[in-house]
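Presented below is the structure to which this report refers.
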Amino acid sequence: MNAHDHARSQASAYLEQLKDLIRIPSISTDPERKGDIRRAAEWLADDLRCIGFERVEIKPTAGHPVVYAEWLGAGEGAPTVLVYGHYDVQPAEIEAGWDSDPFEPVERDGFLYARGASDDKGQVFAHVKAAESLLAAGRPPVNLKLVIEGEEEIGSPHLSAFVGENQDLLKADVCVISDSGMPKINEPAIVYALRGLVYVELEVFGPARDLHSGQYGGTVHNPAQALAEIIAQLHKPDGSVAVPGFYDDVLPLSDEERAELAKKPWDEADWRRTTGAPMPWGEASYALHERVGARPTLEINGLVSGFYGPGQKTVLPAKALAKISCRLVANQNPTRIYELIRDYVARITPPTVRSEVRLLQTGEAAYVDRHTEAMQAAIRAYEQGWGSKPVFMREGGSIPIVADFQHKLNLPVILMGFGLNDDGAHGPNERFNIEMFHRGVQTAIYFYEAIAGR
Ligand code: BES
Ligand code: MN
Ligand code: MN
């Protein structure tokens, strides 16, 4: 039996195993889930050992461990594929709108509902099962190295150092990552760009302590109001970001790229359906898909100030806080963007309050050359997996380590997402299309075969 037939014969077993992995609530941001993070790493390591990887290690980092596995039986003449993914997930509380327990996967209408089903357990597990099928069917045509980390959802704070310290171990010919998606199940799309990120906290301080709003209102500049005034100056009326210099390093979209991107298999009606928002907003001179994939943005992620319990409280708060992040595109430097925001906010902060902009996180954008041999192999794999030619698209999300794989390890990276845009990643009722899981296993096998020239 060849690997493809083997995978088909094992389809339901593979899905049941995925459910076991999903049942472990490996939430990286929650210190109380440290044991579950460890359990998920061990679960994966056990599975990888069991299916025939020769060397499987749970590698400690200063944070959550990295699962590393390799099979080098194809020999020195064969190419080596580095597979990256993450076993950690976002938090999920049933009260946030879940119709079922986020960590008890349920099958409904061809979807598997659970936290991590799509992001990223289901997607990375497709590669694990592709490897299993190849190993079961004989000798895989490529050497395989797997790096599955436990801190992606908190910005991979220790993976960069791990990659730097393990350059020899991670030596490969190509890196493949399945941690993104496509708009429509029957219209395959390959992602070739991810955005970078800079995350800051903007805090505004007013009076030394909370005050009675009757006694002091009208004499003290309310920090919540001052914060709103500052935030209102972060965008221009045309939807662009008002921070001076923000766009300086953004590379313009070529006509050729615009035409390529225009082939995307979704439109404004899809956008309305998935967002539920009344109408689009943003830079009018760019199409919706260009605003998401090819333009940088600045978003308010959260606002905290004053009283927000039930009922009322006449308080003049002492401070106000905004969580703000920018999605960046290739060639923008996250640290430089932080400095621009910091300096601009300092300049527009009125003298009646004090402000602070604190840097929480940076991550570089990634841009993949569409004209490499590795991309040819990916295109072939999608054609075989889907029976039709993929289009190219740029994604708005971030996978900060991709830039390190490209620049530190000098690897061509292929972003081979098996998610769908309406999987609900990070939200309630996250789901993974079960057909996408099985197609993912097949497409990963086709990709390894194509990389080996078969
Ligand atoms: N898998 C996503 C990234 C992604 C989302 C790629 C959508 C393509 C399309 C990843 O797990 C993620 O959520 N990344 C974070 C990174 C952040 C924590 C630094 C993100 O994009 O917010
Ligand atoms: Mn992910
Ligand atoms: Mn995620």
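For the structure tokens, the naming scheme is as follows: chains receive sequential letters (A, B, ...) according to their order of presentation, residues are indexed from 1 within each chain, and ligands are indexed from 1 in presentation order.
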Which residues, written as a PDB file with N, CA, C and O atoms, in the first residue's frame, have at least one atom at most 8 Å from A:Gly385, with only C-alpha atoms counted and residues fewer than 5 positions away on the same chain left out?
```pdb
ATOM      1  N   ARG A 439      -7.434  16.131   3.596  1.00  0.00           N
ATOM      2  CA  ARG A 439      -6.751  16.685   2.434  1.00  0.00           C
ATOM      3  C   ARG A 439      -5.366  17.201   2.814  1.00  0.00           C
ATOM      4  O   ARG A 439      -4.420  17.127   2.045  1.00  0.00           O
ATOM      5  N   GLY A 440      -5.281  17.719   4.038  1.00  0.00           N
ATOM      6  CA  GLY A 440      -3.997  18.199   4.535  1.00  0.00           C
ATOM      7  C   GLY A 440      -2.977  17.069   4.615  1.00  0.00           C
ATOM      8  O   GLY A 440      -1.828  17.220   4.197  1.00  0.00           O
ATOM      9  N   GLN A 442      -2.971  14.294   2.881  1.00  0.00           N
ATOM     10  CA  GLN A 442      -2.617  13.918   1.500  1.00  0.00           C
ATOM     11  C   GLN A 442      -1.688  14.957   0.863  1.00  0.00           C
ATOM     12  O   GLN A 442      -0.690  14.610   0.221  1.00  0.00           O
ATOM     13  N   THR A 443      -2.010  16.229   1.050  1.00  0.00           N
ATOM     14  CA  THR A 443      -1.232  17.293   0.409  1.00  0.00           C
ATOM     15  C   THR A 443       0.180  17.360   0.990  1.00  0.00           C
ATOM     16  O   THR A 443       1.145  17.601   0.268  1.00  0.00           O
ATOM     17  N   TYR A 446       2.038  14.630  -0.702  1.00  0.00           N
ATOM     18  CA  TYR A 446       2.375  15.061  -2.069  1.00  0.00           C
ATOM     19  C   TYR A 446       3.528  16.052  -2.046  1.00  0.00           C
ATOM     20  O   TYR A 446       4.408  16.030  -2.908  1.00  0.00           O
TER      21      TYR A 446
END
```
Where does chain A meet ligand 2 within 7 Å, residue by residue, with the nearest atom pair and distance in Å to one decimal for each, counting only C-alpha atoms and all ligand atoms, listed by chain and rising number, as CSV?
```
residue,atom,partner,partner_atom_place_in_ligand_line,distance
A:His86,CA,ligand 2,1 (Mn),6.6
A:Asp119,CA,ligand 2,1 (Mn),4.5
A:Asp120,CA,ligand 2,1 (Mn),4.8
A:Glu152,CA,ligand 2,1 (Mn),6.8
A:Glu153,CA,ligand 2,1 (Mn),6.9
A:Asp179,CA,ligand 2,1 (Mn),4.8
A:Ser180,CA,ligand 2,1 (Mn),6.8
```
Output file for the selection above: C-alpha atoms, as an mmCIF file, in the first residue's frame:
```
data_model
loop_
_atom_site.group_PDB
_atom_site.id
_atom_site.type_symbol
_atom_site.label_atom_id
_atom_site.label_comp_id
_atom_site.auth_asym_id
_atom_site.auth_seq_id
_atom_site.Cartn_x
_atom_site.Cartn_y
_atom_site.Cartn_z
ATOM 1 C CA HIS A 86 2.636 24.789 17.531
ATOM 2 C CA ASP A 119 -5.013 26.641 15.180
ATOM 3 C CA ASP A 120 -2.801 24.727 15.158
ATOM 4 C CA GLU A 152 3.424 30.535 19.475
ATOM 5 C CA GLU A 153 0.257 32.074 20.867
ATOM 6 C CA ASP A 179 -0.689 27.349 10.458
ATOM 7 C CA SER A 180 -2.795 29.548 8.183
#
```
Close residues to ligand 1 using only C-alpha atoms and all ligand atoms, limit 9 Å, as JSON, numbers by chain: {"A": [85, 86, 88, 89, 90, 118, 119, 120, 151, 152, 153, 154, 155, 156, 178, 179, 180, 181, 182, 191, 193, 194, 195, 196, 197, 198, 199, 327, 361, 362, 363, 394, 395, 396, 397, 398, 399, 400, 415, 417, 419, 421, 425, 426]}
Minimum-distance residue to A:Thr352, chosen among A:His127, A:Arg49, A:Arg431, A:His221 (using only C-alpha atoms):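 Ranked by minimum distance to A:Thr352, first place goes to A:His221.
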Å distance separating atom CA of A:His289 from atom CA of A:Leu253, one decimal place: 12.4 Å
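Restricting the calculation to only C-alpha atoms and all ligand atoms, the smallest distance between ligand 3 and any of A:Pro105, A:Pro91, A:Gly164, A:Pro65 is found for A:Pro91.
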Distance of atom CA of A:Ala318 from atom CA of A:Leu202, expressed in Å to one decimal place: 14.3 Å
Atom pair atom CA of A:Glu93 / atom CA of A:Pro25: separation (Å):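 Pair atom CA of A:Glu93 / atom CA of A:Pro25 returns 11.0 Å.
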Of the listed residues A:Ile27, A:Ala377, A:Leu261, A:Leu360, that which approaches ligand 3 most closely, counting only C-alpha atoms and all ligand atoms: A:Ile27
Pick from A:Ala78, A:Pro207, A:Trp271, A:Ile451, whichever lies nearest to A:Arg354 using only C-alpha atoms: A:Pro207
Non-local contacts of A:Gln233 (10 Å; only C-alpha atoms; under 5 positions in same chain excluded) as a PyMOL selection string: chain A and resi 228+241-243+344-345+348
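If you measure from each of A:Gly309, A:Pro351, A:Pro141, A:Gly245 to A:Val220 using only C-alpha atoms, the closest one turns out to be A:Pro351.
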